[in-house]
file input_23.cif (mmCIF, C-alpha atoms and all ligand atoms)
data_model
#
loop_
_atom_site.label_atom_id
_atom_site.label_comp_id
_atom_site.auth_asym_id
_atom_site.auth_seq_id
_atom_site.Cartn_x
_atom_site.Cartn_y
_atom_site.Cartn_z
CA ALA A 1 -111.45 -51.28 -78.10
CA THR A 2 -110.21 -49.38 -75.06
CA ALA A 3 -112.40 -48.55 -72.08
CA SER A 4 -113.03 -45.09 -73.54
CA THR A 5 -114.30 -46.37 -76.88
CA ALA A 6 -116.39 -49.16 -75.35
CA ARG A 7 -120.16 -48.83 -75.64
CA HIS A 8 -122.14 -50.57 -72.91
CA VAL A 9 -125.22 -52.25 -74.34
CA SER A 10 -128.47 -53.86 -73.21
CA ILE A 11 -130.81 -55.92 -75.36
CA LEU A 12 -134.55 -56.02 -74.68
CA GLY A 13 -135.92 -59.08 -76.48
CA ALA A 14 -132.50 -60.76 -76.72
CA THR A 15 -133.79 -64.19 -77.77
CA GLY A 16 -135.83 -63.01 -80.77
CA SER A 17 -134.85 -62.66 -84.40
CA VAL A 18 -133.53 -59.08 -84.01
CA GLY A 19 -132.11 -59.82 -80.56
CA ARG A 20 -130.10 -62.80 -81.83
CA GLN A 21 -128.76 -60.84 -84.78
CA THR A 22 -127.73 -58.04 -82.42
CA ILE A 23 -125.92 -60.59 -80.26
CA ASP A 24 -124.24 -62.00 -83.35
CA LEU A 25 -122.71 -58.56 -83.94
CA ILE A 26 -121.68 -57.69 -80.39
CA ALA A 27 -120.28 -61.17 -79.68
CA ARG A 28 -117.69 -60.54 -82.42
CA ASP A 29 -116.31 -57.55 -80.49
CA PRO A 30 -116.97 -58.16 -76.77
CA GLU A 31 -114.40 -55.60 -75.59
CA ARG A 32 -116.11 -52.84 -77.51
CA TYR A 33 -119.62 -53.86 -76.40
CA PRO A 34 -119.76 -54.89 -72.73
CA VAL A 35 -123.24 -56.25 -71.96
CA GLU A 36 -125.27 -54.79 -69.14
CA ALA A 37 -128.69 -56.50 -69.37
CA LEU A 38 -130.44 -59.11 -71.52
CA THR A 39 -134.19 -59.78 -71.42
CA ALA A 40 -136.48 -62.42 -72.91
CA ASN A 41 -139.91 -63.88 -72.43
CA GLY A 42 -139.88 -67.67 -72.57
CA ASN A 43 -136.63 -68.99 -73.98
CA ILE A 44 -134.77 -69.44 -70.70
CA ASP A 45 -132.03 -71.75 -72.02
CA GLN A 46 -131.11 -69.32 -74.76
CA LEU A 47 -131.21 -66.35 -72.42
CA ALA A 48 -129.00 -68.07 -69.81
CA GLU A 49 -126.53 -69.29 -72.41
CA ASP A 50 -126.10 -65.82 -73.93
CA ALA A 51 -125.94 -64.11 -70.54
CA ILE A 52 -123.06 -66.40 -69.55
CA ARG A 53 -121.28 -66.20 -72.89
CA LEU A 54 -121.52 -62.39 -73.04
CA ARG A 55 -120.85 -61.89 -69.31
CA ALA A 56 -124.04 -59.89 -68.84
CA ARG A 57 -124.62 -58.34 -65.42
CA PHE A 58 -128.38 -58.82 -65.36
CA ALA A 59 -130.72 -61.32 -67.05
CA VAL A 60 -134.49 -60.93 -66.96
CA THR A 61 -137.43 -63.05 -68.03
CA ALA A 62 -140.75 -61.28 -68.57
CA ASP A 63 -142.50 -64.35 -67.18
CA PRO A 64 -142.53 -64.46 -63.33
CA ALA A 65 -143.31 -68.21 -63.47
CA ARG A 66 -139.87 -68.82 -65.04
CA TYR A 67 -137.89 -66.95 -62.36
CA LEU A 68 -136.64 -70.00 -60.47
CA GLU A 69 -135.65 -71.77 -63.65
CA LEU A 70 -133.54 -68.79 -64.77
CA LYS A 71 -132.10 -68.38 -61.26
CA GLN A 72 -131.00 -72.03 -61.26
CA ARG A 73 -129.48 -71.83 -64.74
CA LEU A 74 -127.41 -68.81 -63.65
CA SER A 75 -126.51 -69.88 -60.12
CA GLY A 76 -122.84 -69.41 -59.33
CA THR A 77 -122.25 -67.10 -62.29
CA GLY A 78 -122.65 -63.81 -60.40
CA ILE A 79 -125.25 -62.67 -62.94
CA ALA A 80 -128.20 -60.95 -61.25
CA VAL A 81 -131.61 -62.38 -62.17
CA GLY A 82 -135.03 -60.76 -62.40
CA ALA A 83 -138.52 -61.61 -63.61
CA GLY A 84 -141.74 -59.82 -64.45
CA PRO A 85 -142.68 -56.35 -65.71
CA ASP A 86 -140.78 -54.37 -63.07
CA ALA A 87 -137.60 -56.35 -63.72
CA LEU A 88 -137.92 -55.59 -67.45
CA ILE A 89 -138.02 -51.89 -66.60
CA GLU A 90 -135.07 -52.30 -64.23
CA ALA A 91 -133.10 -53.94 -67.05
CA ALA A 92 -133.77 -50.93 -69.28
CA GLU A 93 -132.81 -48.56 -66.45
CA ARG A 94 -129.39 -50.14 -66.02
CA PRO A 95 -126.61 -47.82 -67.20
CA ALA A 96 -126.05 -48.98 -70.77
CA GLY A 97 -125.46 -46.11 -73.20
CA TRP A 98 -127.02 -48.11 -76.05
CA VAL A 99 -130.19 -50.19 -75.81
CA MET A 100 -131.68 -52.43 -78.47
CA ALA A 101 -135.50 -52.32 -78.20
CA ALA A 102 -136.46 -55.64 -79.81
CA ILE A 103 -139.41 -56.87 -77.79
CA VAL A 104 -142.40 -57.61 -80.01
CA GLY A 105 -145.60 -55.63 -79.53
CA SER A 106 -146.73 -52.92 -77.15
CA ALA A 107 -145.35 -55.12 -74.34
CA GLY A 108 -142.11 -53.31 -75.19
CA LEU A 109 -143.48 -49.84 -74.46
CA ALA A 110 -142.73 -49.57 -70.73
CA PRO A 111 -139.16 -50.93 -70.87
CA THR A 112 -138.30 -48.94 -74.00
CA LEU A 113 -139.60 -45.78 -72.32
CA ALA A 114 -137.45 -46.55 -69.29
CA ALA A 115 -134.37 -46.50 -71.54
CA VAL A 116 -135.60 -43.29 -73.21
CA ARG A 117 -136.14 -41.60 -69.83
CA ARG A 118 -132.50 -41.92 -68.89
CA GLY A 119 -131.41 -40.42 -72.20
CA ALA A 120 -130.00 -43.57 -73.82
CA LEU A 121 -129.28 -44.20 -77.48
CA VAL A 122 -132.22 -46.46 -78.32
CA ALA A 123 -131.95 -48.69 -81.39
CA LEU A 124 -135.63 -49.12 -82.20
CA ALA A 125 -136.82 -52.34 -83.81
CA ASN A 126 -139.97 -52.55 -81.65
CA LYS A 127 -142.11 -50.40 -83.97
CA GLU A 128 -145.34 -51.24 -82.11
CA CYS A 129 -144.31 -49.21 -79.06
CA LEU A 130 -143.89 -46.12 -81.25
CA VAL A 131 -147.12 -46.80 -83.16
CA CYS A 132 -148.97 -47.34 -79.89
CA ALA A 133 -147.73 -44.24 -78.04
CA GLY A 134 -146.91 -41.96 -81.00
CA ASP A 135 -146.35 -38.28 -80.17
CA LEU A 136 -146.27 -38.97 -76.45
CA PHE A 137 -143.35 -41.36 -77.01
CA THR A 138 -141.38 -38.91 -79.16
CA ALA A 139 -142.10 -36.13 -76.62
CA GLU A 140 -140.40 -38.30 -73.96
CA VAL A 141 -137.44 -38.77 -76.30
CA GLN A 142 -137.12 -34.96 -76.63
CA ARG A 143 -137.65 -34.24 -72.97
CA HIS A 144 -134.94 -36.62 -71.82
CA GLY A 145 -132.39 -35.97 -74.56
CA ALA A 146 -132.56 -39.56 -75.76
CA ARG A 147 -132.01 -40.50 -79.39
CA LEU A 148 -133.93 -43.02 -81.46
CA LEU A 149 -131.77 -44.89 -83.97
CA PRO A 150 -134.16 -46.65 -86.36
CA ALA A 151 -133.30 -50.35 -86.69
CA ASP A 152 -136.28 -51.21 -88.89
CA SER A 153 -134.59 -51.57 -92.28
CA GLU A 154 -136.74 -49.05 -94.19
CA HIS A 155 -136.50 -46.39 -91.50
CA ASN A 156 -132.83 -47.05 -91.13
CA ALA A 157 -132.53 -46.47 -94.89
CA ILE A 158 -134.42 -43.18 -94.65
CA ALA A 159 -132.35 -42.06 -91.65
CA GLN A 160 -129.25 -42.54 -93.82
CA ILE A 161 -130.50 -40.58 -96.86
CA LEU A 162 -132.75 -37.89 -95.40
CA GLU A 163 -130.71 -34.70 -95.21
CA PRO A 164 -131.82 -33.18 -91.89
CA ASP A 165 -131.11 -29.59 -92.96
CA ARG A 166 -133.01 -30.01 -96.25
CA ILE A 167 -136.38 -31.17 -94.92
CA ASP A 168 -138.20 -28.35 -96.74
CA ALA A 169 -136.79 -29.63 -100.03
CA VAL A 170 -138.13 -33.16 -99.48
CA GLU A 171 -141.02 -33.93 -101.80
CA ARG A 172 -141.60 -37.54 -100.85
CA VAL A 173 -140.29 -40.23 -98.53
CA VAL A 174 -140.91 -43.73 -99.85
CA LEU A 175 -140.81 -46.95 -97.84
CA THR A 176 -140.45 -50.09 -99.90
CA ALA A 177 -142.43 -53.25 -99.13
CA SER A 178 -141.68 -56.79 -100.29
CA GLY A 179 -145.40 -57.52 -100.54
CA GLY A 180 -144.91 -60.64 -98.44
CA PRO A 181 -145.68 -64.24 -99.43
CA PHE A 182 -149.15 -63.40 -100.85
CA ARG A 183 -148.14 -60.39 -102.96
CA SER A 184 -149.78 -61.69 -106.13
CA MET A 185 -152.36 -64.09 -104.64
CA PRO A 186 -156.04 -63.48 -105.51
CA LEU A 187 -158.20 -62.40 -102.58
CA ASP A 188 -160.35 -65.55 -102.40
CA GLU A 189 -157.27 -67.75 -102.15
CA MET A 190 -156.01 -65.64 -99.25
CA ARG A 191 -159.11 -66.67 -97.31
CA ARG A 192 -157.67 -70.17 -96.88
CA VAL A 193 -153.99 -69.53 -96.17
CA THR A 194 -152.49 -71.17 -93.08
CA PRO A 195 -150.20 -69.74 -90.40
CA GLU A 196 -147.37 -71.85 -91.89
CA GLN A 197 -147.80 -70.20 -95.28
CA ALA A 198 -148.09 -66.75 -93.73
CA VAL A 199 -144.87 -66.96 -91.69
CA ALA A 200 -142.81 -68.21 -94.65
CA HIS A 201 -141.51 -64.84 -95.80
CA PRO A 202 -139.72 -64.84 -99.18
CA ASN A 203 -136.81 -62.55 -98.22
CA TRP A 204 -136.46 -62.20 -94.45
CA SER A 205 -136.38 -64.65 -91.55
CA MET A 206 -138.28 -62.95 -88.73
CA GLY A 207 -140.46 -63.56 -85.67
CA ALA A 208 -143.96 -64.97 -86.22
CA LYS A 209 -145.87 -61.74 -85.49
CA ILE A 210 -143.98 -59.49 -87.90
CA SER A 211 -144.05 -62.26 -90.52
CA VAL A 212 -147.86 -62.34 -90.41
CA ASP A 213 -147.85 -58.52 -90.47
CA SER A 214 -145.77 -58.70 -93.66
CA ALA A 215 -148.26 -61.14 -95.18
CA THR A 216 -151.24 -58.82 -94.45
CA MET A 217 -149.03 -55.79 -95.21
CA MET A 218 -150.07 -54.36 -91.84
CA ASN A 219 -146.33 -54.27 -91.25
CA LYS A 220 -146.04 -51.55 -93.90
CA GLY A 221 -149.02 -49.75 -92.37
CA LEU A 222 -147.32 -49.80 -88.96
CA GLU A 223 -144.13 -48.61 -90.65
CA LEU A 224 -145.96 -45.69 -92.26
CA ILE A 225 -147.06 -44.59 -88.79
CA GLU A 226 -143.57 -45.24 -87.45
CA ALA A 227 -142.08 -43.09 -90.25
CA HIS A 228 -144.49 -40.27 -89.46
CA HIS A 229 -143.17 -40.14 -85.91
CA LEU A 230 -139.50 -40.52 -86.84
CA PHE A 231 -139.26 -38.13 -89.79
CA PRO A 232 -140.82 -34.64 -89.83
CA VAL A 233 -142.15 -34.57 -93.42
CA GLY A 234 -145.93 -34.78 -92.99
CA ILE A 235 -148.34 -37.61 -93.78
CA ASP A 236 -149.00 -36.49 -97.35
CA ARG A 237 -145.34 -36.89 -98.28
CA LEU A 238 -145.10 -40.52 -97.09
CA ASP A 239 -145.55 -43.29 -99.64
CA ILE A 240 -145.28 -47.06 -100.02
CA LEU A 241 -143.81 -48.84 -103.04
CA VAL A 242 -143.89 -52.61 -103.50
CA HIS A 243 -140.46 -54.01 -104.39
CA PRO A 244 -140.39 -57.82 -104.20
CA GLN A 245 -136.57 -58.22 -104.05
CA SER A 246 -136.11 -56.15 -100.82
CA ILE A 247 -132.88 -54.59 -102.13
CA VAL A 248 -133.92 -50.93 -102.17
CA HIS A 249 -135.11 -50.20 -98.64
CA GLY A 250 -136.14 -46.56 -98.91
CA LEU A 251 -136.09 -43.51 -101.20
CA VAL A 252 -136.17 -39.76 -100.68
CA TYR A 253 -137.37 -37.49 -103.47
CA TYR A 254 -135.93 -33.95 -103.39
CA ALA A 255 -137.31 -30.76 -104.95
CA ASP A 256 -134.61 -30.63 -107.65
CA GLY A 257 -135.64 -34.03 -109.02
CA SER A 258 -132.87 -35.96 -107.28
CA VAL A 259 -133.90 -39.24 -105.73
CA LEU A 260 -131.65 -40.78 -103.12
CA ALA A 261 -132.13 -44.49 -102.50
CA HIS A 262 -130.63 -46.83 -99.93
CA LEU A 263 -129.69 -50.33 -101.09
CA GLY A 264 -128.44 -53.37 -99.25
CA ALA A 265 -128.85 -57.12 -99.11
CA PRO A 266 -131.89 -58.13 -97.04
CA ASP A 267 -129.88 -58.77 -93.86
CA MET A 268 -130.95 -57.08 -90.62
CA ARG A 269 -127.38 -57.10 -89.37
CA THR A 270 -126.67 -54.12 -91.65
CA PRO A 271 -129.21 -51.71 -90.12
CA ILE A 272 -128.47 -53.07 -86.64
CA ALA A 273 -124.73 -52.51 -87.21
CA TRP A 274 -125.48 -48.92 -88.29
CA THR A 275 -127.28 -48.25 -84.98
CA LEU A 276 -124.53 -49.98 -83.02
CA ALA A 277 -121.72 -47.92 -84.57
CA TRP A 278 -123.63 -44.63 -84.87
CA PRO A 279 -122.38 -41.98 -85.59
CA ASP A 280 -119.50 -44.00 -87.04
CA ARG A 281 -119.65 -46.86 -89.50
CA ARG A 282 -118.06 -50.18 -88.72
CA HIS A 283 -117.66 -53.51 -90.48
CA ALA A 284 -120.63 -55.87 -90.41
CA PRO A 285 -120.53 -59.48 -91.62
CA SER A 286 -123.77 -59.06 -93.60
CA ASP A 287 -124.30 -60.47 -97.06
CA ARG A 288 -122.86 -58.15 -99.71
CA LEU A 289 -125.06 -56.95 -102.52
CA ASP A 290 -124.31 -58.54 -105.89
CA LEU A 291 -126.43 -56.56 -108.36
CA ALA A 292 -125.07 -58.34 -111.43
CA ARG A 293 -126.27 -61.63 -110.01
CA ILE A 294 -129.66 -60.19 -109.00
CA GLY A 295 -130.01 -58.62 -112.46
CA THR A 296 -133.45 -57.09 -112.18
CA LEU A 297 -135.16 -54.95 -109.59
CA SER A 298 -138.91 -54.54 -109.99
CA PHE A 299 -141.46 -52.19 -108.49
CA GLU A 300 -145.26 -51.96 -108.37
CA ALA A 301 -147.96 -49.93 -106.64
CA PRO A 302 -149.48 -51.46 -103.50
CA ASP A 303 -152.98 -52.95 -103.85
CA ASP A 304 -155.22 -51.56 -101.09
CA ARG A 305 -158.08 -53.82 -102.17
CA ARG A 306 -156.25 -57.09 -101.47
CA PHE A 307 -154.32 -55.57 -98.56
CA PRO A 308 -156.94 -53.54 -96.63
CA CYS A 309 -154.59 -53.17 -93.64
CA LEU A 310 -152.70 -50.51 -95.61
CA ALA A 311 -155.74 -48.24 -95.83
CA LEU A 312 -156.71 -48.97 -92.21
CA ALA A 313 -153.28 -47.83 -91.05
CA ARG A 314 -153.22 -44.74 -93.26
CA ASP A 315 -156.68 -43.73 -92.01
CA ALA A 316 -155.64 -44.32 -88.40
CA LEU A 317 -152.62 -42.07 -88.93
CA LYS A 318 -154.80 -39.32 -90.39
CA CYS A 319 -157.37 -39.52 -87.56
CA GLY A 320 -154.68 -39.26 -84.92
CA ASP A 321 -157.21 -39.56 -82.08
CA GLY A 322 -155.84 -42.69 -80.50
CA ALA A 323 -156.75 -44.63 -83.64
CA ALA A 324 -153.17 -45.88 -84.12
CA THR A 325 -153.14 -47.22 -80.54
CA ILE A 326 -156.39 -49.10 -81.20
CA LEU A 327 -155.22 -50.33 -84.62
CA ASN A 328 -152.01 -51.72 -83.15
CA ALA A 329 -153.69 -53.42 -80.16
CA ALA A 330 -156.43 -54.98 -82.30
CA ASN A 331 -153.85 -56.21 -84.78
CA GLU A 332 -151.77 -57.88 -82.05
CA VAL A 333 -154.86 -59.72 -80.78
CA ALA A 334 -155.98 -60.68 -84.30
CA VAL A 335 -152.54 -61.95 -85.36
CA ALA A 336 -152.29 -64.09 -82.21
CA ALA A 337 -155.77 -65.48 -82.93
CA PHE A 338 -154.79 -66.29 -86.52
CA LEU A 339 -151.55 -67.99 -85.41
CA SER A 340 -153.55 -70.18 -83.00
CA ARG A 341 -156.08 -70.94 -85.77
CA ARG A 342 -159.06 -69.24 -84.11
CA ILE A 343 -159.68 -66.92 -87.08
CA GLY A 344 -158.86 -66.91 -90.78
CA PHE A 345 -156.25 -64.76 -92.48
CA LEU A 346 -158.72 -62.23 -93.89
CA ASP A 347 -160.38 -61.90 -90.48
CA ILE A 348 -157.27 -60.07 -89.24
CA ALA A 349 -158.18 -56.92 -91.17
CA GLY A 350 -161.85 -57.45 -90.26
CA ILE A 351 -161.11 -57.57 -86.52
CA VAL A 352 -158.93 -54.45 -86.76
CA ALA A 353 -161.61 -52.54 -88.70
CA ASP A 354 -164.39 -53.58 -86.31
CA THR A 355 -162.34 -52.71 -83.24
CA LEU A 356 -161.65 -49.26 -84.69
CA ASP A 357 -165.37 -48.81 -85.42
CA GLY A 358 -166.51 -49.80 -81.98
CA GLU A 359 -164.01 -48.07 -79.73
CA ALA A 360 -164.89 -44.59 -78.44
CA ARG A 361 -162.04 -42.31 -79.48
CA ARG A 362 -160.29 -39.60 -77.57
CA ALA A 363 -156.67 -38.77 -78.19
CA PRO A 364 -154.67 -40.00 -75.17
CA THR A 365 -152.90 -37.18 -73.32
CA SER A 366 -150.54 -39.29 -71.21
CA ILE A 367 -148.71 -42.61 -71.44
CA ASP A 368 -151.11 -43.97 -68.80
CA GLU A 369 -154.04 -43.13 -71.09
CA VAL A 370 -152.24 -44.84 -73.98
CA ILE A 371 -151.91 -48.00 -71.91
CA ALA A 372 -155.59 -47.83 -70.87
CA LEU A 373 -156.65 -47.37 -74.50
CA ASP A 374 -154.40 -50.26 -75.60
CA GLN A 375 -155.98 -52.51 -72.95
CA ALA A 376 -159.55 -51.48 -73.84
CA ALA A 377 -158.92 -52.15 -77.54
CA ARG A 378 -157.44 -55.56 -76.69
CA ARG A 379 -160.56 -56.49 -74.72
CA ARG A 380 -162.83 -55.40 -77.57
CA ALA A 381 -160.75 -57.23 -80.19
CA THR A 382 -160.72 -60.36 -78.01
CA ASP A 383 -164.54 -60.24 -77.81
CA LEU A 384 -164.75 -59.83 -81.58
CA VAL A 385 -162.46 -62.84 -82.10
CA ALA A 386 -164.64 -64.94 -79.79
CA ALA A 387 -167.75 -63.86 -81.75
CA ARG A 388 -166.35 -65.04 -85.14
P1 LIG A 401 -139.38 -62.31 -82.11
O1 LIG A 401 -140.74 -62.83 -81.84
O2 LIG A 401 -138.40 -63.14 -82.85
O3 LIG A 401 -138.69 -61.88 -80.72
C1 LIG A 401 -139.38 -61.12 -79.75
C2 LIG A 401 -138.55 -60.99 -78.48
O4 LIG A 401 -139.37 -60.35 -77.48
C3 LIG A 401 -138.11 -62.32 -77.86
O5 LIG A 401 -136.88 -62.14 -77.19
C4 LIG A 401 -139.22 -62.61 -76.85
O6 LIG A 401 -138.78 -63.46 -75.80
C5 LIG A 401 -139.54 -61.22 -76.35
N1 LIG A 401 -140.92 -61.09 -75.90
C6 LIG A 401 -142.03 -61.57 -76.50
N2 LIG A 401 -143.13 -61.23 -75.81
C7 LIG A 401 -142.71 -60.52 -74.76
C8 LIG A 401 -143.38 -59.88 -73.66
N3 LIG A 401 -144.71 -59.95 -73.52
N4 LIG A 401 -142.64 -59.22 -72.74
C9 LIG A 401 -141.31 -59.16 -72.87
N5 LIG A 401 -140.61 -59.75 -73.87
C10 LIG A 401 -141.32 -60.41 -74.80
O7 LIG A 401 -139.58 -60.91 -82.86
P2 LIG A 401 -138.59 -60.17 -83.87
O8 LIG A 401 -138.84 -60.63 -85.25
O9 LIG A 401 -137.21 -60.17 -83.33
O10 LIG A 401 -139.18 -58.69 -83.80
C11 LIG A 401 -138.96 -57.86 -82.67
C12 LIG A 401 -139.43 -56.45 -83.00
O11 LIG A 401 -138.62 -55.94 -84.06
C13 LIG A 401 -140.86 -56.38 -83.52
O12 LIG A 401 -141.45 -55.19 -83.07
C14 LIG A 401 -140.71 -56.36 -85.02
O13 LIG A 401 -141.77 -55.69 -85.67
C15 LIG A 401 -139.42 -55.57 -85.17
N6 LIG A 401 -138.67 -55.85 -86.41
C16 LIG A 401 -138.20 -57.11 -86.66
C17 LIG A 401 -137.49 -57.36 -87.83
C18 LIG A 401 -136.94 -58.74 -88.12
O14 LIG A 401 -136.22 -58.89 -89.11
N7 LIG A 401 -137.22 -59.74 -87.33
C19 LIG A 401 -137.28 -56.34 -88.74
C20 LIG A 401 -137.76 -55.06 -88.45
C21 LIG A 401 -138.45 -54.82 -87.27
MG MG A 402 -139.28 -53.06 -91.88
#

call {"tool": "encode", "arguments": {"input": "input_23.cif", "output": "C-alpha cells", "more": "lines below"}}
Ligand code: NAD
Ligand code: MG
result
Amino acid sequence: ATASTARHVSILGATGSVGRQTIDLIARDPERYPVEALTANGNIDQLAEDAIRLRARFAVTADPARYLELKQRLSGTGIAVGAGPDALIEAAERPAGWVMAAIVGSAGLAPTLAAVRRGALVALANKECLVCAGDLFTAEVQRHGARLLPADSEHNAIAQILEPDRIDAVERVVLTASGGPFRSMPLDEMRRVTPEQAVAHPNWSMGAKISVDSATMMNKGLELIEAHHLFPVGIDRLDILVHPQSIVHGLVYYADGSVLAHLGAPDMRTPIAWTLAWPDRRHAPSDRLDLARIGTLSFEAPDDRRFPCLALARDALKCGDGAATILNAANEVAVAAFLSRRIGFLDIAGIVADTLDGEARRAPTSIDEVIALDQAARRRATDLVAAR
C-alpha cells in the first residue's frame, strides 16, 4: 500500500475477541493499516505487546490503577500512554479514519461517540452502545457525517444484501440466531446451568458477556434493536430465525418474492474484513465455506417461552421510551451477576423484566439523559440482584 491508499486505524477494545481478530487482519498488512490508538481494560501485557508490534502511537487502559504498569511496559518505545475514561475518549479522537468499536457494554458509548463526532468510519461491534443510546446515537452519526459499518455478523450480512434504493420493496429483514448452547434444552434444566456451560458456544468463540447473551438469546434481542437503528425498514418487518449451523447470517425478502441471503463460515474475520476494506473487498484469511461437507442447513422458529429475553427486547423496542436503555443496563448487571455465581441463569431474564417494571420511563432527549438512565437502571438491577 502507498501512503495514499493507507487507512489509519484505531481499535477500542483491542484485547478482546473482536479486537484480537481485527489485529490479526491489520497485522498482515501493516503498511496499509497504520495504527493510531489501541485501548483495553485489564490485559496490560497483551495491550503493550500489540502496541509495540503494530507501532501504535497511543495505548490506553480504561483502568487508572494500571497506568504505571502500562507506562513501564512501554517505556523507551515512544508510544504515548493514557488511562481512564478521558484517555479512552482521547484515543477515539485521534485522527484515524477507521475505528473499530469493540469495547463490551455501554462502557463503549462515550469513546465510540467521540469517533462518530469527528466523522470517522466506525466499524461497530459494540452493539450495546447503539442499543443504549438508539436514535440519539444515529442522530450524532448523521450530524457529523460519520458512517457506521456493521461488524456484527448478522448486520454485516444485511448491510451487504439490503439494496438501499429498494427499501420500499423490502418485505422482511431476517436475522439468524444459532440458538446458543441451550437451544433445545428444557426450561427446568436451564435453571441449573453453570457459567462454564453458558460460555461454551457451539459455533463462535467470543467474550464472556456476549456468550451468555447468546445462551439467553438476549444477544438476538439486542441485535433486533441494533437492526432497527441501522436499517430503515420498521419494527414490524424485522424477524428472527433460528439456524443452528450459523452459515446463513441474514436474509432480505423483497416484494417480488426474491430472497437474498448472505452466507459465510462462522468466522468474525469475514465481517471485520468487509468493514476494513469498505467500500472495496479485500482478501481475508477466514475459513472458506464448504457446503458439500456441511450437507444440511436447518431452520426453526425461535421459542419465546424458553427464551423470554427475546420478547423483553422486542417489547422494549416497541415502547421506545428509554426501555431499550434500561433493558441493556439491567442485562449487563444480570449477566455479570450470573458469571460471578450470584444469580442463576433464568434469573437474568427475571432481573431484566423487574428492572423494566420498576424504572420510571421517559424517553431520554440527550446523551447525558441516556447515561443517567443507564446508571439508574444499573442501580436498580444491582438492588434486585442483592435481593435474590
Ligand atoms: P471481549 O470481552 O472479548 O472484549 C472486550 C474488550 O473491551 C476488551 O478489550 C476489554 O479489555 C475491553 N473492555 C472491557 N470492559 C471495558 C470497560 N469498562 N472500558 C473500556 N474497555 C473495556 O468482548 P468481545 O467478544 O470482543 O465483544 C466486544 C463487542 O463486540 C461486544 O459488544 C459484543 O457484543 C460485540 N460482538 C462480538 C462478537 C464476537 O464474535 N466476539 C460478535 C459480534 C459482536
Ligand atoms: Mg451477531

call {"tool": "closest_residue", "arguments": {"input": "input_23.cif", "among": "A:Glu36, A:Glu49, A:Asp267, A:Glu171", "to": "Ala91 (chain A)", "atoms": "only C-alpha atoms"}}
result
A:Glu36

call {"tool": "residues_around", "arguments": {"input": "input_23.cif", "residues": "region 65-81 of chain A", "least_positions_apart": "2", "cutoff": "8 Å", "atoms": "all atoms listed in the file", "output": "PyMOL selection string"}}
result
chain A and resi 42+44-45+48+51-52+55-61+63+83

call {"tool": "residues_near_ligand", "arguments": {"input": "input_23.cif", "ligand": "ligand MG 402 (chain A)", "cutoff": "7 Å", "atoms": "all atoms listed in the file", "output": "PyMOL selection string"}}
result
chain A and resi 152-154+223

call {"tool": "atom_distance", "arguments": {"input": "input_23.cif", "atom1": "CA of Glu369 (chain A)", "atom2": "CA of Ala107 (chain A)"}}
result
15.2 Å

call {"tool": "residues_near_point", "arguments": {"input": "input_23.cif", "point": "(-152.4, -70.5, -96.6)", "cutoff": "12 Å", "atoms": "all atoms listed in the file", "output": "list of chain:residue names"}}
result
A:Pro181, A:Phe182, A:Met185, A:Pro186, A:Leu187, A:Asp188, A:Glu189, A:Met190, A:Arg191, A:Arg192, A:Val193, A:Thr194, A:Pro195, A:Glu196, A:Gln197, A:Ala198, A:Val199, A:Ala200, A:Val212, A:Ala215, A:Thr216, A:Phe338, A:Leu339, A:Arg341, A:Gly344, A:Phe345, A:Leu346

call {"tool": "write_last_selection", "arguments": {"input": "input_23.cif", "atoms": "C-alpha atoms", "output": "mmCIF file, in the coordinates of the input"}}
result
data_model
loop_
_atom_site.group_PDB
_atom_site.id
_atom_site.type_symbol
_atom_site.label_atom_id
_atom_site.label_comp_id
_atom_site.auth_asym_id
_atom_site.auth_seq_id
_atom_site.Cartn_x
_atom_site.Cartn_y
_atom_site.Cartn_z
ATOM 1 C CA PRO A 181 -145.680 -64.240 -99.430
ATOM 2 C CA PHE A 182 -149.150 -63.400 -100.850
ATOM 3 C CA MET A 185 -152.360 -64.090 -104.640
ATOM 4 C CA PRO A 186 -156.040 -63.480 -105.510
ATOM 5 C CA LEU A 187 -158.200 -62.400 -102.580
ATOM 6 C CA ASP A 188 -160.350 -65.550 -102.400
ATOM 7 C CA GLU A 189 -157.270 -67.750 -102.150
ATOM 8 C CA MET A 190 -156.010 -65.640 -99.250
ATOM 9 C CA ARG A 191 -159.110 -66.670 -97.310
ATOM 10 C CA ARG A 192 -157.670 -70.170 -96.880
ATOM 11 C CA VAL A 193 -153.990 -69.530 -96.170
ATOM 12 C CA THR A 194 -152.490 -71.170 -93.080
ATOM 13 C CA PRO A 195 -150.200 -69.740 -90.400
ATOM 14 C CA GLU A 196 -147.370 -71.850 -91.890
ATOM 15 C CA GLN A 197 -147.800 -70.200 -95.280
ATOM 16 C CA ALA A 198 -148.090 -66.750 -93.730
ATOM 17 C CA VAL A 199 -144.870 -66.960 -91.690
ATOM 18 C CA ALA A 200 -142.810 -68.210 -94.650
ATOM 19 C CA VAL A 212 -147.860 -62.340 -90.410
ATOM 20 C CA ALA A 215 -148.260 -61.140 -95.180
ATOM 21 C CA THR A 216 -151.240 -58.820 -94.450
ATOM 22 C CA PHE A 338 -154.790 -66.290 -86.520
ATOM 23 C CA LEU A 339 -151.550 -67.990 -85.410
ATOM 24 C CA ARG A 341 -156.080 -70.940 -85.770
ATOM 25 C CA GLY A 344 -158.860 -66.910 -90.780
ATOM 26 C CA PHE A 345 -156.250 -64.760 -92.480
ATOM 27 C CA LEU A 346 -158.720 -62.230 -93.890
#

call {"tool": "closest_residue", "arguments": {"input": "input_23.cif", "among": "A:Leu54, A:Ala157, A:Ala329, A:Leu317", "to": "Val252 (chain A)", "atoms": "all atoms listed in the file"}}
result
A:Ala157

call {"tool": "residues_near_ligand", "arguments": {"input": "input_23.cif", "ligand": "ligand LIG 401 (chain A)", "cutoff": "8 Å", "atoms": "all atoms listed in the file", "output": "ChimeraX atom specification"}}
result
/A:12-20,39-43,61-63,85,88,101-105,107-108,124-129,151-153,204-211,219,267-268

call {"tool": "closest_residue", "arguments": {"input": "input_23.cif", "among": "A:Ala115, A:Leu25, A:Asp135, A:Ala6", "to": "Ala37 (chain A)", "atoms": "only C-alpha atoms"}}
result
A:Ala115

call {"tool": "closest_residue", "arguments": {"input": "input_23.cif", "among": "A:Ala265, A:Ala177, A:Leu222, A:Ala376", "to": "Ser298 (chain A)", "atoms": "only C-alpha atoms"}}
result
A:Ala177

call {"tool": "closest_residue", "arguments": {"input": "input_23.cif", "among": "A:Ala386, A:Ile367, A:Leu312, A:Leu175", "to": "Ala110 (chain A)", "atoms": "only C-alpha atoms"}}
result
A:Ile367
